[in-house]
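I have placed the structure first, in the form of structure tokens, so that the comments after it can refer back to it.
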Amino acid sequence: MKRSIENAEHYSWGDRCDGWVLAPSPDMMVIQERMPAATAEQRHFHTKARQFFYVLSGELTMELEGVHHTIAALSGIEIPPGACHQARNDSDSDVHFLVISSPSTRGDRTDLERAFPIADSNKTSDDDRYPSQP
């Protein structure tokens, strides 16, 4: 089935962030997300899942094991299993990106202490963030 944000299952998370489930299989999940300016997810890691974040537009800051990486549009970063990370939008405009996870991160997330102070409304877990899978 052809999928886009127009026909994919939508969910809201954190502080005004949006996500669309483009491929919801247990062995590989593909989502598109939008983070407004000055938002961040809670720092966390996945035990089994390997992820690849690919920026479609805007600029994403990824804190990975204490190092900050600025990811420009049309580039990405791989997050290996067990690596502590936090996606942030430190810019003044929206960032749109894809997250490809294999296997799915559903039920495979451990939240950590925040690396930087952010609003409690940004606190989320993958079980709350992504809709139920069939």
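Chain labels A, B, ... are given in the sequence in which chains occur in the structure tokens; within each chain residues are numbered consecutively from 1, and ligands are likewise numbered from 1 in the order shown.
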
- Item | Exercise: Ala8 (chain A) partners within 7 Å, only C-alpha atoms, chain neighbours under 3 positions left out, as number ranges by chain | A: 3-5, 20-22

- Message: Excluding Ala38 (chain A) and its own-chain neighbours fewer than 5 positions away, which residues fall within 10 Å of it when counting only C-alpha atoms? Please give them as an NGL selection string.
- Response: :A and (15 or 88-94 or 118)

Could you save the residues just selected, with N, CA and C atoms, as a compact mmCIF listing (two decimals), in the first residue's frame?
```txt
# COMPACT_ATOMS: atom_id res chain seq x y z
N ASP A 15 5.54 17.80 23.31
CA ASP A 15 5.02 19.16 23.30
C ASP A 15 4.77 19.61 21.86
N ARG A 88 16.45 16.37 19.45
CA ARG A 88 16.08 17.71 19.87
C ARG A 88 15.93 18.60 18.64
N ASN A 89 15.09 19.59 18.77
CA ASN A 89 15.02 20.63 17.76
C ASN A 89 15.44 21.92 18.43
N ASP A 90 16.70 22.27 18.28
CA ASP A 90 17.24 23.50 18.87
C ASP A 90 17.12 24.69 17.93
N SER A 91 16.53 24.47 16.76
CA SER A 91 16.40 25.56 15.78
C SER A 91 15.14 26.38 16.04
N ASP A 92 14.92 27.37 15.18
CA ASP A 92 13.74 28.23 15.34
C ASP A 92 12.64 27.88 14.35
N SER A 93 12.73 26.70 13.71
CA SER A 93 11.67 26.26 12.80
C SER A 93 11.47 24.75 12.92
N ASP A 94 10.38 24.25 12.35
CA ASP A 94 10.08 22.82 12.41
C ASP A 94 11.18 21.98 11.76
N ILE A 118 13.98 20.11 30.04
CA ILE A 118 12.92 20.37 29.07
C ILE A 118 11.60 20.21 29.80
```

- Can you list every residue in chain A that DSSP puts in strand (DSSP E), as a ChimeraX atom specification? /A:9-13,17-25,28-35,39-40,44-45,50-57,59-64,67-72,76-79,85-89,95-102,110-111

Filtering to C-alpha atoms, could you give me those residues as an mmCIF file, in the first residue's frame?
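This went into part-v2.cif:
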```cif
data_model
loop_
_atom_site.group_PDB
_atom_site.id
_atom_site.type_symbol
_atom_site.label_atom_id
_atom_site.label_comp_id
_atom_site.auth_asym_id
_atom_site.auth_seq_id
_atom_site.Cartn_x
_atom_site.Cartn_y
_atom_site.Cartn_z
ATOM 1 C CA GLU A 9 -2.048 6.683 11.114
ATOM 2 C CA HIS A 10 -1.290 9.927 12.996
ATOM 3 C CA TYR A 11 -0.279 10.366 16.636
ATOM 4 C CA SER A 12 0.740 13.320 18.795
ATOM 5 C CA TRP A 13 3.556 13.189 21.321
ATOM 6 C CA CYS A 17 5.090 17.001 18.087
ATOM 7 C CA ASP A 18 3.464 14.845 15.398
ATOM 8 C CA GLY A 19 4.148 11.409 13.985
ATOM 9 C CA TRP A 20 2.797 9.270 11.170
ATOM 10 C CA VAL A 21 3.241 5.493 11.022
ATOM 11 C CA LEU A 22 4.290 4.698 7.465
ATOM 12 C CA ALA A 23 5.278 1.031 7.960
ATOM 13 C CA PRO A 24 4.078 -0.596 11.202
ATOM 14 C CA SER A 25 5.600 -4.082 11.132
ATOM 15 C CA MET A 28 10.808 -2.827 10.940
ATOM 16 C CA MET A 29 8.956 0.360 11.798
ATOM 17 C CA VAL A 30 9.117 3.488 9.619
ATOM 18 C CA ILE A 31 7.663 6.712 10.950
ATOM 19 C CA GLN A 32 7.721 10.323 9.853
ATOM 20 C CA GLU A 33 7.862 12.906 12.612
ATOM 21 C CA ARG A 34 7.627 16.658 12.990
ATOM 22 C CA MET A 35 9.163 18.517 15.923
ATOM 23 C CA THR A 39 11.219 20.695 21.572
ATOM 24 C CA ALA A 40 12.992 17.524 22.643
ATOM 25 C CA HIS A 44 16.611 7.034 26.340
ATOM 26 C CA PHE A 45 17.997 3.878 24.757
ATOM 27 C CA ARG A 50 18.799 -0.131 15.665
ATOM 28 C CA GLN A 51 17.505 3.210 14.388
ATOM 29 C CA PHE A 52 18.278 5.546 11.527
ATOM 30 C CA PHE A 53 17.075 9.160 11.682
ATOM 31 C CA TYR A 54 16.910 10.850 8.262
ATOM 32 C CA VAL A 55 16.110 14.580 8.117
ATOM 33 C CA LEU A 56 13.717 15.598 5.343
ATOM 34 C CA SER A 57 13.675 19.337 6.116
ATOM 35 C CA GLU A 59 17.796 20.683 11.251
ATOM 36 C CA LEU A 60 17.801 18.025 13.990
ATOM 37 C CA THR A 61 20.170 17.920 16.935
ATOM 38 C CA MET A 62 20.887 14.381 18.083
ATOM 39 C CA GLU A 63 22.644 13.863 21.392
ATOM 40 C CA LEU A 64 24.273 10.442 21.072
ATOM 41 C CA VAL A 67 28.051 14.066 21.805
ATOM 42 C CA HIS A 68 25.811 16.546 19.974
ATOM 43 C CA HIS A 69 25.416 16.028 16.229
ATOM 44 C CA THR A 70 23.717 18.563 13.985
ATOM 45 C CA ILE A 71 21.869 16.710 11.240
ATOM 46 C CA ALA A 72 21.013 18.854 8.217
ATOM 47 C CA GLY A 76 20.976 11.151 8.741
ATOM 48 C CA ILE A 77 22.484 9.394 11.723
ATOM 49 C CA GLU A 78 22.443 5.765 12.863
ATOM 50 C CA ILE A 79 21.715 4.889 16.492
ATOM 51 C CA HIS A 85 20.302 9.329 22.717
ATOM 52 C CA GLN A 86 17.928 12.287 22.572
ATOM 53 C CA ALA A 87 16.439 13.946 19.484
ATOM 54 C CA ARG A 88 16.083 17.705 19.867
ATOM 55 C CA ASN A 89 15.018 20.632 17.757
ATOM 56 C CA VAL A 95 12.163 19.755 11.600
ATOM 57 C CA HIS A 96 10.661 16.858 9.627
ATOM 58 C CA PHE A 97 12.409 13.490 9.641
ATOM 59 C CA LEU A 98 12.047 9.756 9.170
ATOM 60 C CA VAL A 99 12.868 7.218 11.873
ATOM 61 C CA ILE A 100 13.540 3.687 10.653
ATOM 62 C CA SER A 101 13.756 1.129 13.474
ATOM 63 C CA SER A 102 14.638 -2.549 13.209
ATOM 64 C CA THR A 110 14.337 2.670 28.666
ATOM 65 C CA ASP A 111 14.002 6.340 29.628
#
```

- In Å to one decimal, how far is CA of Gly58 (chain A) from CA of Ser104 (chain A)?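 Pair CA of Ser104 (chain A) / CA of Gly58 (chain A) returns 25.1 Å.
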
- Message: Considering only alpha helix (DSSP H) as DSSP defines it on the backbone, what residues of chain A qualify? List them as a list in words.
- Response: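 Checking each residue of chain A, the alpha helix (DSSP H) ones are Asp126, Asp127, Asp128 and Arg129 of chain A.
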
- Taking only C-alpha atoms into account, which of A:Pro26, A:Gly82, A:Gly66, A:Ala73 comes nearest Gly107 (chain A)?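 When distances to Gly107 (chain A) are compared using only C-alpha atoms, the smallest one comes from A:Pro26.
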
- Record the distance separating CA of Glu6 (chain A) and CA of Leu74 (chain A), expressed in Å with one decimal.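 Computing the Euclidean distance for CA of Glu6 (chain A) and CA of Leu74 (chain A) yields 21.3 Å.
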
- Using CA of Ala83 (chain A) and CA of Arg43 (chain A) as the two end points, give the distance in Å to one decimal.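 Result for CA of Ala83 (chain A) versus CA of Arg43 (chain A): 10.3 Å, one decimal.
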